[in-house]
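Visitor: File structure.txt follows (compact mmCIF, C-alpha atoms):
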```txt
# COMPACT_ATOMS: atom_id res chain seq x y z
CA MET C 1 0.00 0.00 0.00
CA THR C 2 1.02 3.60 -0.49
CA LEU C 3 0.18 6.79 1.36
CA SER C 4 -3.06 8.53 0.50
CA ASP C 5 -2.72 11.97 -1.08
CA ASP C 6 -3.54 13.71 2.23
CA ALA C 7 -1.10 11.52 4.16
CA ALA C 8 1.62 12.09 1.55
CA ARG C 9 1.21 15.86 1.92
CA THR C 10 1.32 15.53 5.71
CA TYR C 11 4.56 13.58 5.47
CA GLU C 12 6.09 16.06 3.00
CA LEU C 13 5.28 19.06 5.20
CA ASP C 14 6.52 17.25 8.30
CA ARG C 15 9.89 16.52 6.73
CA ARG C 16 10.14 20.08 5.45
CA HIS C 17 9.15 21.97 8.60
CA VAL C 18 8.84 19.85 11.77
CA PHE C 19 11.73 19.37 14.21
CA HIS C 20 11.23 16.12 16.14
CA SER C 21 12.31 15.42 19.70
CA TRP C 22 15.05 12.92 20.65
CA SER C 23 15.90 12.35 16.99
CA ALA C 24 18.58 12.86 14.37
CA GLN C 25 16.43 14.78 11.90
CA ALA C 26 18.03 13.46 8.71
CA HIS C 27 17.28 9.85 9.62
CA LEU C 28 13.58 10.22 10.38
CA THR C 29 10.77 8.53 8.47
CA PRO C 30 7.81 9.25 10.76
CA THR C 31 4.63 7.24 10.39
CA VAL C 32 1.59 9.32 9.46
CA LEU C 33 -1.39 8.60 11.71
CA THR C 34 -4.75 9.71 10.37
CA ALA C 35 -7.37 8.45 12.84
CA ALA C 36 -7.81 6.72 16.18
CA GLU C 37 -10.56 5.11 18.20
CA GLY C 38 -10.47 3.05 21.39
CA CYS C 39 -7.34 0.90 21.34
CA TYR C 40 -6.64 1.30 17.62
CA VAL C 41 -5.01 3.84 15.29
CA TRP C 42 -4.94 4.06 11.50
CA ASP C 43 -1.87 5.00 9.49
CA GLY C 44 -1.55 6.91 6.23
CA GLU C 45 -1.72 3.70 4.21
CA GLY C 46 -5.03 2.71 5.76
CA ASN C 47 -3.63 0.03 8.07
CA ARG C 48 -5.35 -0.48 11.43
CA LEU C 49 -2.88 -0.98 14.29
CA LEU C 50 -3.58 -2.11 17.85
CA ASP C 51 -1.97 0.55 20.02
CA PHE C 52 0.21 -1.39 22.46
CA SER C 53 2.10 1.84 23.23
CA SER C 54 -0.77 4.09 24.38
CA MET C 55 1.14 6.64 22.26
CA MET C 56 3.62 7.70 24.97
CA VAL C 57 2.00 5.53 27.66
CA ASN C 58 -0.63 8.20 28.21
CA THR C 59 -3.87 7.32 26.43
CA ASN C 60 -5.10 5.41 29.47
CA ILE C 61 -8.79 5.69 28.51
CA GLY C 62 -8.05 4.96 24.85
CA HIS C 63 -8.44 7.21 21.86
CA GLN C 64 -11.38 9.55 21.26
CA HIS C 65 -13.36 8.64 24.37
CA PRO C 66 -16.71 10.30 23.56
CA LYS C 67 -17.31 11.69 27.06
CA VAL C 68 -13.94 13.44 27.11
CA VAL C 69 -14.28 14.75 23.57
CA ALA C 70 -17.71 16.15 24.48
CA ALA C 71 -16.35 17.77 27.65
CA ILE C 72 -13.61 19.55 25.69
CA GLN C 73 -16.15 20.75 23.14
CA ALA C 74 -18.50 22.02 25.86
CA GLN C 75 -15.71 23.85 27.67
CA ALA C 76 -14.50 25.43 24.44
CA ALA C 77 -17.98 26.76 23.82
CA THR C 78 -17.97 28.44 27.25
CA MET C 79 -14.41 29.56 28.00
CA CYS C 80 -11.35 28.48 26.01
CA THR C 81 -8.74 30.00 28.31
CA VAL C 82 -8.37 31.92 31.56
CA ALA C 83 -5.38 33.35 33.40
CA PRO C 84 -4.20 31.16 36.29
CA HIS C 85 -4.76 33.77 39.01
CA PHE C 86 -8.54 33.54 38.48
CA ALA C 87 -10.61 30.67 39.83
CA ASN C 88 -12.53 28.61 37.30
CA ASP C 89 -14.90 25.70 37.70
CA ALA C 90 -13.02 23.20 35.53
CA ARG C 91 -9.73 23.64 37.40
CA SER C 92 -11.40 23.58 40.82
CA GLU C 93 -13.31 20.40 40.05
CA ALA C 94 -10.24 18.71 38.54
CA ALA C 95 -8.26 19.53 41.69
CA ARG C 96 -11.01 18.06 43.86
CA LEU C 97 -11.21 14.82 41.87
CA ILE C 98 -7.42 14.37 41.85
CA SER C 99 -7.03 15.10 45.57
CA GLU C 100 -9.73 12.54 46.38
CA ARG C 101 -7.59 9.86 44.73
CA THR C 102 -4.09 10.75 45.87
CA PRO C 103 -2.69 8.86 48.86
CA GLY C 104 -2.66 10.38 52.33
CA GLU C 105 -3.30 14.09 52.61
CA LEU C 106 -1.90 15.22 49.28
CA ASP C 107 -4.90 17.49 48.87
CA THR C 108 -3.39 20.64 47.34
CA ILE C 109 -2.83 20.58 43.58
CA PHE C 110 -0.49 22.79 41.54
CA PHE C 111 -1.20 22.41 37.84
CA THR C 112 1.49 22.41 35.14
CA ASN C 113 1.52 21.81 31.40
CA GLY C 114 3.03 18.32 31.58
CA GLY C 115 5.20 15.87 33.45
CA ALA C 116 8.62 17.47 33.08
CA ASP C 117 7.55 20.82 34.47
CA ALA C 118 5.64 19.03 37.25
CA VAL C 119 8.95 17.45 38.30
CA GLU C 120 10.73 20.81 37.95
CA HIS C 121 8.26 22.47 40.31
CA ALA C 122 8.24 19.59 42.78
CA VAL C 123 12.01 19.87 43.11
CA ARG C 124 11.78 23.64 43.47
CA MET C 125 9.21 23.23 46.24
CA ALA C 126 11.39 20.69 48.04
CA ARG C 127 14.47 22.93 47.85
CA LEU C 128 12.57 25.94 49.16
CA HIS C 129 10.87 23.91 51.88
CA THR C 130 14.09 22.36 53.20
CA GLY C 131 16.59 25.10 52.40
CA ARG C 132 18.80 22.41 50.86
CA TYR C 133 19.86 21.90 47.25
CA LYS C 134 20.97 18.35 46.41
CA VAL C 135 18.50 15.87 44.94
CA LEU C 136 18.99 12.09 44.74
CA THR C 137 17.54 9.99 41.94
CA ARG C 138 18.18 6.47 40.70
CA TYR C 139 20.00 5.27 37.63
CA ARG C 140 17.60 3.70 35.13
CA SER C 141 14.96 6.41 35.47
CA TYR C 142 13.34 9.11 33.38
CA HIS C 143 11.90 12.35 34.76
CA GLY C 144 11.52 14.64 31.73
CA GLY C 145 13.35 16.68 29.13
CA THR C 146 13.57 20.13 30.76
CA GLU C 147 16.76 21.31 32.44
CA THR C 148 16.26 20.04 35.99
CA ALA C 149 14.18 17.01 34.97
CA VAL C 150 16.67 15.74 32.40
CA ASN C 151 19.50 16.03 34.94
CA LEU C 152 17.43 14.03 37.39
CA THR C 153 16.99 11.38 34.71
CA GLY C 154 19.11 8.29 35.14
CA ASP C 155 19.31 7.04 31.57
CA PRO C 156 21.46 8.05 28.56
CA ARG C 157 19.12 10.85 27.51
CA ARG C 158 20.72 12.80 30.33
CA TRP C 159 24.28 12.54 29.08
CA PRO C 160 24.36 15.30 26.40
CA ASN C 161 22.60 17.68 28.81
CA ASP C 162 24.52 16.86 31.99
CA HIS C 163 27.25 19.29 33.04
CA GLY C 164 27.58 17.96 36.57
CA ASN C 165 26.39 21.17 38.22
CA ALA C 166 22.67 20.51 38.69
CA GLY C 167 22.92 19.35 42.28
CA VAL C 168 21.83 15.83 41.34
CA VAL C 169 23.35 12.63 42.73
CA HIS C 170 22.39 9.27 41.23
CA PHE C 171 22.24 5.92 42.98
CA PHE C 172 21.37 2.35 42.00
CA GLY C 173 17.86 1.15 42.70
CA PRO C 174 16.68 -2.46 42.97
CA PHE C 175 16.65 -4.44 39.70
CA LEU C 176 17.24 -8.10 40.44
CA TYR C 177 17.54 -9.24 36.82
CA ARG C 178 20.56 -6.96 36.36
CA SER C 179 21.52 -6.58 40.00
CA GLU C 180 24.29 -4.18 40.93
CA PHE C 181 24.41 -5.82 44.36
CA HIS C 182 25.08 -9.47 43.44
CA ALA C 183 21.78 -10.38 45.06
CA HIS C 184 20.19 -13.81 44.76
CA ASP C 185 16.56 -12.96 45.49
CA GLU C 186 14.21 -9.99 45.86
CA ALA C 187 14.65 -9.77 49.62
CA GLN C 188 18.42 -9.57 49.32
CA GLU C 189 18.19 -7.10 46.42
CA THR C 190 15.90 -4.86 48.48
CA GLU C 191 18.11 -4.99 51.57
CA ARG C 192 21.29 -4.24 49.64
CA ALA C 193 19.69 -1.47 47.56
CA LEU C 194 18.45 0.24 50.72
CA SER C 195 21.87 -0.13 52.31
CA HIS C 196 23.45 1.44 49.22
CA LEU C 197 21.00 4.36 49.35
CA ALA C 198 21.59 4.89 53.07
CA ARG C 199 25.33 4.90 52.52
CA THR C 200 24.97 7.37 49.61
CA ILE C 201 22.98 9.71 51.86
CA GLU C 202 25.61 9.43 54.59
CA MET C 203 28.48 10.14 52.21
CA GLU C 204 26.73 13.07 50.50
CA GLY C 205 25.72 14.61 53.83
CA PRO C 206 22.07 14.26 54.91
CA ALA C 207 21.79 17.97 55.74
CA THR C 208 22.62 18.84 52.10
CA ILE C 209 19.85 16.74 50.51
CA ALA C 210 16.50 18.33 49.70
CA ALA C 211 14.72 15.41 48.06
CA ILE C 212 14.78 11.87 46.78
CA VAL C 213 12.85 11.54 43.51
CA LEU C 214 11.66 8.08 42.49
CA GLU C 215 9.29 6.78 39.87
CA SER C 216 7.00 4.59 41.97
CA VAL C 217 7.37 2.01 39.20
CA PRO C 218 10.05 3.08 36.70
CA GLY C 219 8.54 3.40 33.22
CA THR C 220 10.69 3.82 30.11
CA ALA C 221 13.71 2.65 32.12
CA GLY C 222 12.28 -0.87 32.27
CA ILE C 223 9.16 -1.26 34.48
CA MET C 224 11.05 -2.71 37.44
CA VAL C 225 8.35 -3.15 40.09
CA PRO C 226 9.94 -2.61 43.52
CA THR C 227 9.05 -4.51 46.66
CA PRO C 228 6.86 -2.77 49.25
CA GLU C 229 9.80 -3.03 51.65
CA TYR C 230 11.98 -0.95 49.34
CA LEU C 231 9.66 2.03 49.09
CA ARG C 232 8.89 1.84 52.80
CA GLY C 233 12.62 1.87 53.44
CA VAL C 234 13.03 4.98 51.27
CA ARG C 235 10.21 6.63 53.19
CA GLU C 236 11.94 5.81 56.49
CA LEU C 237 15.27 7.24 55.30
CA CYS C 238 13.55 10.45 54.19
CA ASP C 239 11.81 10.75 57.57
CA ARG C 240 15.05 10.11 59.42
CA TYR C 241 16.96 12.87 57.67
CA GLY C 242 14.23 15.41 56.88
CA ILE C 243 14.41 14.69 53.14
CA VAL C 244 11.38 15.28 50.91
CA PHE C 245 10.15 12.11 49.18
CA ILE C 246 8.88 12.92 45.67
CA ALA C 247 6.97 10.15 43.88
CA ASP C 248 7.05 10.58 40.10
CA GLU C 249 3.72 9.15 38.88
CA VAL C 250 3.75 10.86 35.50
CA MET C 251 3.65 7.53 33.66
CA SER C 252 2.49 5.11 36.35
CA GLY C 253 -0.45 7.16 37.63
CA PHE C 254 -4.16 7.17 36.82
CA GLY C 255 -4.86 3.48 36.50
CA ARG C 256 -1.79 2.30 34.61
CA THR C 257 -0.82 -0.24 37.30
CA GLY C 258 -4.35 -1.15 38.33
CA LYS C 259 -4.62 1.47 41.07
CA TRP C 260 -5.16 5.20 40.77
CA PHE C 261 -1.49 5.71 41.65
CA ALA C 262 1.22 3.05 41.61
CA ILE C 263 2.52 3.98 45.05
CA GLN C 264 -0.79 2.80 46.51
CA HIS C 265 0.36 -0.78 45.89
CA PHE C 266 3.04 -0.23 48.52
CA ASP C 267 1.18 1.53 51.35
CA VAL C 268 3.54 4.51 51.22
CA VAL C 269 2.66 8.21 51.16
CA PRO C 270 5.17 10.63 49.57
CA ASP C 271 5.50 14.32 50.41
CA LEU C 272 4.98 15.38 46.80
CA LEU C 273 3.51 13.44 43.89
CA THR C 274 3.88 14.45 40.25
CA PHE C 275 1.37 13.47 37.58
CA ALA C 276 0.51 14.11 33.92
CA LYS C 277 -0.20 11.76 30.97
CA GLY C 278 -3.11 9.63 32.22
CA VAL C 279 -4.79 12.47 34.15
CA ASN C 280 -6.68 13.22 30.94
CA SER C 281 -5.07 10.67 28.60
CA GLY C 282 -3.08 13.44 26.96
CA TYR C 283 -6.12 14.80 25.12
CA VAL C 284 -5.01 18.31 26.16
CA PRO C 285 -1.57 18.88 27.81
CA LEU C 286 -1.81 18.80 31.62
CA GLY C 287 0.36 17.85 34.57
CA GLY C 288 0.71 18.78 38.18
CA VAL C 289 2.04 18.31 41.67
CA ALA C 290 0.01 17.00 44.61
CA ILE C 291 1.36 18.67 47.76
CA SER C 292 1.41 17.57 51.40
CA PRO C 293 0.07 19.92 54.11
CA ALA C 294 3.55 20.55 55.53
CA ILE C 295 4.98 21.68 52.21
CA ALA C 296 1.88 23.65 51.28
CA ALA C 297 2.25 25.49 54.61
CA SER C 298 5.71 26.66 53.54
CA PHE C 299 4.00 28.92 51.03
CA ALA C 300 1.10 30.11 53.16
CA GLN C 301 2.80 33.37 54.11
CA ARG C 302 5.49 33.66 51.43
CA PRO C 303 4.85 33.56 47.69
CA TYR C 304 5.74 30.46 45.76
CA PRO C 305 8.22 31.74 43.14
CA GLY C 306 6.88 29.91 40.11
CA GLY C 307 3.95 29.63 37.75
CA LEU C 308 2.76 29.04 34.22
CA THR C 309 0.46 30.97 31.92
CA TYR C 310 -1.55 27.83 31.26
CA SER C 311 -1.61 26.41 34.80
CA GLY C 312 -4.92 24.59 35.07
CA HIS C 313 -5.93 25.50 31.52
CA PRO C 314 -9.73 25.09 31.33
CA LEU C 315 -9.72 22.82 28.27
CA ALA C 316 -7.16 20.55 29.91
CA ALA C 317 -8.94 20.63 33.27
CA ALA C 318 -12.30 19.85 31.68
CA ALA C 319 -10.69 16.89 29.95
CA ALA C 320 -9.30 15.74 33.31
CA VAL C 321 -12.70 15.99 34.98
CA ALA C 322 -14.31 13.94 32.21
CA THR C 323 -11.45 11.41 32.19
CA ILE C 324 -11.46 10.77 35.93
CA THR C 325 -15.26 10.59 35.99
CA ALA C 326 -15.30 8.09 33.11
CA MET C 327 -12.57 6.01 34.73
CA HIS C 328 -14.64 5.85 37.92
CA GLU C 329 -18.01 5.16 36.30
CA GLU C 330 -16.70 2.59 33.82
CA GLY C 331 -14.41 0.66 36.17
CA ILE C 332 -11.36 1.39 34.03
CA VAL C 333 -8.81 1.15 36.86
CA ASP C 334 -10.18 -2.24 37.89
CA ASN C 335 -10.09 -3.36 34.26
CA ALA C 336 -6.39 -2.50 34.04
CA PHE C 337 -5.63 -4.60 37.10
CA ASP C 338 -7.80 -7.49 35.89
CA ILE C 339 -6.36 -7.57 32.36
CA GLY C 340 -2.85 -7.53 33.78
CA ALA C 341 -3.51 -10.32 36.26
CA ARG C 342 -5.59 -12.61 34.03
CA VAL C 343 -4.37 -11.95 30.48
CA LEU C 344 -1.17 -9.96 30.03
CA GLY C 345 0.85 -11.42 32.90
CA PRO C 346 0.08 -15.10 32.13
CA GLY C 347 0.25 -14.47 28.38
CA LEU C 348 3.66 -12.83 28.54
CA ARG C 349 5.02 -15.55 30.82
CA ASP C 350 3.79 -18.10 28.28
CA LEU C 351 5.68 -16.24 25.54
CA ALA C 352 8.80 -16.24 27.72
CA ALA C 353 8.59 -20.02 28.07
CA ARG C 354 8.61 -20.43 24.28
CA HIS C 355 10.87 -17.66 22.99
CA PRO C 356 14.61 -17.85 23.79
CA SER C 357 14.97 -14.11 23.11
CA ILE C 358 12.97 -13.29 26.25
CA GLY C 359 15.15 -13.00 29.31
CA GLU C 360 12.45 -11.73 31.65
CA VAL C 361 8.95 -10.30 31.69
CA ARG C 362 7.86 -8.00 34.51
CA GLY C 363 5.06 -5.62 35.25
CA ILE C 364 1.68 -4.98 36.78
CA GLY C 365 -1.70 -3.85 35.46
CA VAL C 366 -1.24 -2.73 31.85
CA PHE C 367 2.40 -1.78 32.48
CA TRP C 368 4.78 -4.55 31.29
CA ALA C 369 8.26 -4.91 29.83
CA ILE C 370 9.82 -7.78 27.90
CA GLU C 371 13.59 -7.90 28.42
CA LEU C 372 15.10 -9.19 25.16
CA VAL C 373 18.47 -10.95 25.16
CA ARG C 374 20.82 -12.70 22.79
CA ASP C 375 21.77 -15.22 25.44
CA ARG C 376 19.64 -16.17 28.45
CA VAL C 377 22.68 -17.47 30.33
CA THR C 378 24.86 -14.35 30.01
CA ARG C 379 21.83 -12.02 29.74
CA GLU C 380 23.52 -10.13 26.89
CA PRO C 381 20.89 -7.63 25.74
CA LEU C 382 19.49 -7.67 22.21
CA ALA C 383 20.51 -3.99 21.92
CA PRO C 384 23.12 -2.08 23.89
CA TYR C 385 22.18 0.14 26.81
CA GLY C 386 21.37 3.53 25.33
CA GLY C 387 21.13 2.25 21.77
CA THR C 388 19.31 0.04 19.31
CA SER C 389 20.27 -2.80 16.96
CA PRO C 390 19.22 -4.38 13.66
CA ALA C 391 17.44 -7.07 15.68
CA MET C 392 15.25 -4.51 17.45
CA THR C 393 14.58 -2.70 14.18
CA GLU C 394 13.43 -5.95 12.59
CA LEU C 395 11.26 -6.73 15.61
CA VAL C 396 9.49 -3.38 15.41
CA ALA C 397 8.86 -3.92 11.70
CA ALA C 398 7.42 -7.38 12.40
CA CYS C 399 5.10 -5.98 15.05
CA ARG C 400 3.89 -3.29 12.68
CA ALA C 401 3.41 -5.77 9.85
CA GLY C 402 1.33 -7.94 12.15
CA GLY C 403 -0.88 -5.06 13.20
CA VAL C 404 0.56 -3.83 16.52
CA LEU C 405 2.00 -0.40 17.25
CA PRO C 406 4.80 -1.24 19.73
CA PHE C 407 6.71 0.71 22.35
CA VAL C 408 10.42 -0.14 22.45
CA ASN C 409 13.36 1.23 24.39
CA PHE C 410 16.89 -0.13 23.99
CA ASN C 411 16.55 -3.94 24.28
CA ARG C 412 13.01 -3.92 25.66
CA LEU C 413 9.57 -4.30 24.17
CA HIS C 414 7.01 -2.67 26.45
CA VAL C 415 3.42 -3.89 26.54
CA VAL C 416 1.49 -0.80 27.63
CA PRO C 417 -1.95 -0.72 25.99
CA PRO C 418 -4.77 1.58 27.11
CA CYS C 419 -6.35 0.71 30.45
CA VAL C 420 -9.65 0.11 28.62
CA ILE C 421 -8.28 -2.78 26.56
CA SER C 422 -10.56 -5.81 26.41
CA GLU C 423 -9.53 -9.41 26.95
CA ALA C 424 -10.03 -10.12 23.24
CA GLU C 425 -7.89 -7.16 22.20
CA ALA C 426 -5.14 -8.08 24.66
CA LYS C 427 -5.08 -11.65 23.33
CA GLU C 428 -5.01 -10.32 19.77
CA GLY C 429 -1.93 -8.26 20.61
CA LEU C 430 -0.20 -11.15 22.37
CA ALA C 431 -0.76 -13.39 19.34
CA ILE C 432 0.85 -10.79 17.08
CA LEU C 433 3.80 -10.45 19.47
CA ASP C 434 4.14 -14.24 19.50
CA GLN C 435 4.77 -14.21 15.76
CA ALA C 436 6.96 -11.10 15.80
CA LEU C 437 9.23 -12.52 18.50
CA ASN C 438 10.35 -15.23 16.10
CA VAL C 439 12.36 -12.42 14.48
CA ALA C 440 14.10 -11.71 17.78
CA ASP C 441 14.69 -15.43 18.37
CA ALA C 442 16.66 -15.57 15.13
CA HIS C 443 19.26 -13.28 16.72
CA THR C 444 19.88 -15.44 19.80
CA VAL C 445 22.71 -17.89 20.44
CA ASP C 446 20.15 -20.69 20.12
CA ALA C 447 19.71 -19.81 16.45
CA ARG C 448 23.41 -20.00 15.59
```
Please express the file's structure as structure tokens.
Guide:
Amino acid sequence: MTLSDDAARTYELDRRHVFHSWSAQAHLTPTVLTAAEGCYVWDGEGNRLLDFSSMMVNTNIGHQHPKVVAAIQAQAATMCTVAPHFANDARSEAARLISERTPGELDTIFFTNGGADAVEHAVRMARLHTGRYKVLTRYRSYHGGTETAVNLTGDPRRWPNDHGNAGVVHFFGPFLYRSEFHAHDEAQETERALSHLARTIEMEGPATIAAIVLESVPGTAGIMVPTPEYLRGVRELCDRYGIVFIADEVMSGFGRTGKWFAIQHFDVVPDLLTFAKGVNSGYVPLGGVAISPAIAASFAQRPYPGGLTYSGHPLAAAAAVATITAMHEEGIVDNAFDIGARVLGPGLRDLAARHPSIGEVRGIGVFWAIELVRDRVTREPLAPYGGTSPAMTELVAACRAGGVLPFVNFNRLHVVPPCVISEAEAKEGLAILDQALNVADAHTVDAR
């Protein structure tokens, strides 16, 4: 098939005028998408693809949910924009609905335009609240592309932007499959990772550290689900030294793991919680910070030195209200947990039993990663850390040819469909992956 005339013009104008993120511009051949509905998208050649990426792991309620589309249209007919220093009904109601679902007493909401600036502002709040500057984050993490957020990031996207002067110190978190601590089981990995973090705090000087920032479940870094004991241990260390615990829920929040927020799996309450993406499925850009009473009190009598023109933008807030309401009324969070437990988890483990290219599968809800390797014994990855490989390129092409839009990062294939995915759709996607993984198997030592 070839591109339609409209799609061909879209592609031509894109290549002439659009500068794409995280890309070498001369090597791009972007896919034209022309339509979307539910868990599917259509490309410029007319192919229907099952969206196993949720775009950027954000379309939690699927594409074109009619209640959210209608809410945006209704808000646009009333008030398209308003300055942030005025109160408006959409923003107030969105804040109420979010605060009802956050853990503990994180009842004050500061709205941003997306996840990266949510993290930026959370760190700024922590630094002002504590009077300290350093921030600790883990390797194998991603926190955004703006100046502070990208320096917090613990993957190779940080390297070209990192000048070593951002006040950020990285440490190793728990990841048993590629343990930095020579651990033999999850309990040992947790104990040694906490010991490493405690020692890092001691060596950096506890009184110099404003915050520890952690993705409750790391996303693009590999979906390594921690043990409850690990996050409780981090909470205890923060309490011991007066360090602000910031939970980054930009990707893992709003149903992705089968709870409203991933940290609720672990019975831990952070001091600040950042969100974006799933809050309104990315229909209109929105993010924010949920703030504890103690930190909110820091700015009761002194101004908070930060803000955004579009903070709590009414179109975005109206989309959030409609999204959260639909998720509640339609049982979407429960569906994500159920599909993960009954379909995706068992289905992916079955694939791992039959495909030598799969070193490990891990995840929760509709938030899974397949770790692809050349050799299960040595665990040599199918693509280098921070890069790609012909094998991964061929795998992506096989997924697309079979009818799945995949999400890949380095040597991993992530299975992150919308939270509304049905059992039949999930099984359809797994069957396509089953065939595509034969391509990856051909690059393993077993195939030589």
Visitor: Would you mind reading off the distance between CA of Ser292 (chain C) and CA of Lys277 (chain C), one decimal, in Å?
Guide: 21.3 Å
Visitor: Which value, in Å to one decimal, gives the distance between CA of Ala187 (chain C) and CA of Arg199 (chain C)?
Guide: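 Separation of CA of Ala187 (chain C) and CA of Arg199 (chain C): 18.4 Å.
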Visitor: Just checking: using only C-alpha atoms, which residue out of C:Ile209, C:Val284, C:Ala300, C:His163 ends up closest to Leu315 (chain C)?
Guide: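 Under the stated criterion, the closest residue is C:Val284.
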Visitor: Pick from C:His184, C:Tyr177, C:Glu202, C:Tyr385: nearest to Glu360 (chain C), with all atoms listed in the file counted?
Guide: C:Tyr177
Visitor: List as a PyMOL selection string the protein and nucleic acid residues near region 84-89 of chain C, meaning an atom at most 10 Å away when only C-alpha atoms are counted, but skip any in the same chain fewer than 3 places from it.
Guide: chain C and resi 79+81+92-95+111+307-314+317-318
Visitor: Need to verify the contact set: Val445 (chain C), 12 Å, all atoms listed in the file, exclusion of same-chain residues closer than 5 positions in sequence. Can you return it as a list of chain:residue names?
Guide: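 Here the answer would be C:Pro356, C:Ser357, C:Val373, C:Arg374, C:Asp375, C:Arg376, C:Val377, C:Thr378, C:Arg379, C:Glu380, C:Pro381, C:Leu382, C:Ala440.
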Visitor: Can you rebuild region 182-199 of chain C with N, CA and C atoms and give it as an mmCIF file, keeping the file's coordinate frame?
Guide:
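Saved to out-v6.cif:
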```cif
data_model
loop_
_atom_site.group_PDB
_atom_site.id
_atom_site.type_symbol
_atom_site.label_atom_id
_atom_site.label_comp_id
_atom_site.auth_asym_id
_atom_site.auth_seq_id
_atom_site.Cartn_x
_atom_site.Cartn_y
_atom_site.Cartn_z
ATOM 1 N N HIS C 182 24.784 -8.036 43.408
ATOM 2 C CA HIS C 182 25.080 -9.470 43.440
ATOM 3 C C HIS C 182 24.076 -10.211 44.325
ATOM 4 N N ALA C 183 22.828 -9.780 44.244
ATOM 5 C CA ALA C 183 21.780 -10.380 45.060
ATOM 6 C C ALA C 183 21.247 -11.645 44.401
ATOM 7 N N HIS C 184 20.705 -12.526 45.247
ATOM 8 C CA HIS C 184 20.190 -13.810 44.760
ATOM 9 C C HIS C 184 18.671 -13.881 44.762
ATOM 10 N N ASP C 185 18.014 -12.977 45.472
ATOM 11 C CA ASP C 185 16.560 -12.960 45.490
ATOM 12 C C ASP C 185 16.082 -11.546 45.781
ATOM 13 N N GLU C 186 14.770 -11.335 45.698
ATOM 14 C CA GLU C 186 14.210 -9.990 45.860
ATOM 15 C C GLU C 186 14.488 -9.423 47.247
ATOM 16 N N ALA C 187 14.416 -10.262 48.264
ATOM 17 C CA ALA C 187 14.650 -9.770 49.620
ATOM 18 C C ALA C 187 16.077 -9.248 49.773
ATOM 19 N N GLN C 188 17.031 -9.991 49.237
ATOM 20 C CA GLN C 188 18.420 -9.570 49.320
ATOM 21 C C GLN C 188 18.672 -8.331 48.466
ATOM 22 N N GLU C 189 18.055 -8.272 47.279
ATOM 23 C CA GLU C 189 18.190 -7.100 46.420
ATOM 24 C C GLU C 189 17.649 -5.856 47.125
ATOM 25 N N THR C 190 16.499 -5.985 47.760
ATOM 26 C CA THR C 190 15.900 -4.860 48.480
ATOM 27 C C THR C 190 16.790 -4.401 49.617
ATOM 28 N N GLU C 191 17.266 -5.342 50.424
ATOM 29 C CA GLU C 191 18.110 -4.990 51.570
ATOM 30 C C GLU C 191 19.390 -4.292 51.119
ATOM 31 N N ARG C 192 20.027 -4.812 50.089
ATOM 32 C CA ARG C 192 21.290 -4.240 49.640
ATOM 33 C C ARG C 192 21.081 -2.896 48.937
ATOM 34 N N ALA C 193 19.966 -2.757 48.204
ATOM 35 C CA ALA C 193 19.690 -1.470 47.560
ATOM 36 C C ALA C 193 19.415 -0.387 48.594
ATOM 37 N N LEU C 194 18.700 -0.728 49.651
ATOM 38 C CA LEU C 194 18.450 0.240 50.720
ATOM 39 C C LEU C 194 19.740 0.597 51.459
ATOM 40 N N SER C 195 20.589 -0.394 51.663
ATOM 41 C CA SER C 195 21.870 -0.130 52.310
ATOM 42 C C SER C 195 22.723 0.801 51.456
ATOM 43 N N HIS C 196 22.712 0.571 50.163
ATOM 44 C CA HIS C 196 23.450 1.440 49.220
ATOM 45 C C HIS C 196 22.910 2.868 49.270
ATOM 46 N N LEU C 197 21.587 3.024 49.289
ATOM 47 C CA LEU C 197 21.000 4.360 49.350
ATOM 48 C C LEU C 197 21.340 5.037 50.669
ATOM 49 N N ALA C 198 21.255 4.305 51.765
ATOM 50 C CA ALA C 198 21.590 4.890 53.070
ATOM 51 C C ALA C 198 23.039 5.347 53.105
ATOM 52 N N ARG C 199 23.909 4.545 52.530
ATOM 53 C CA ARG C 199 25.330 4.900 52.520
ATOM 54 C C ARG C 199 25.568 6.130 51.622
#
```
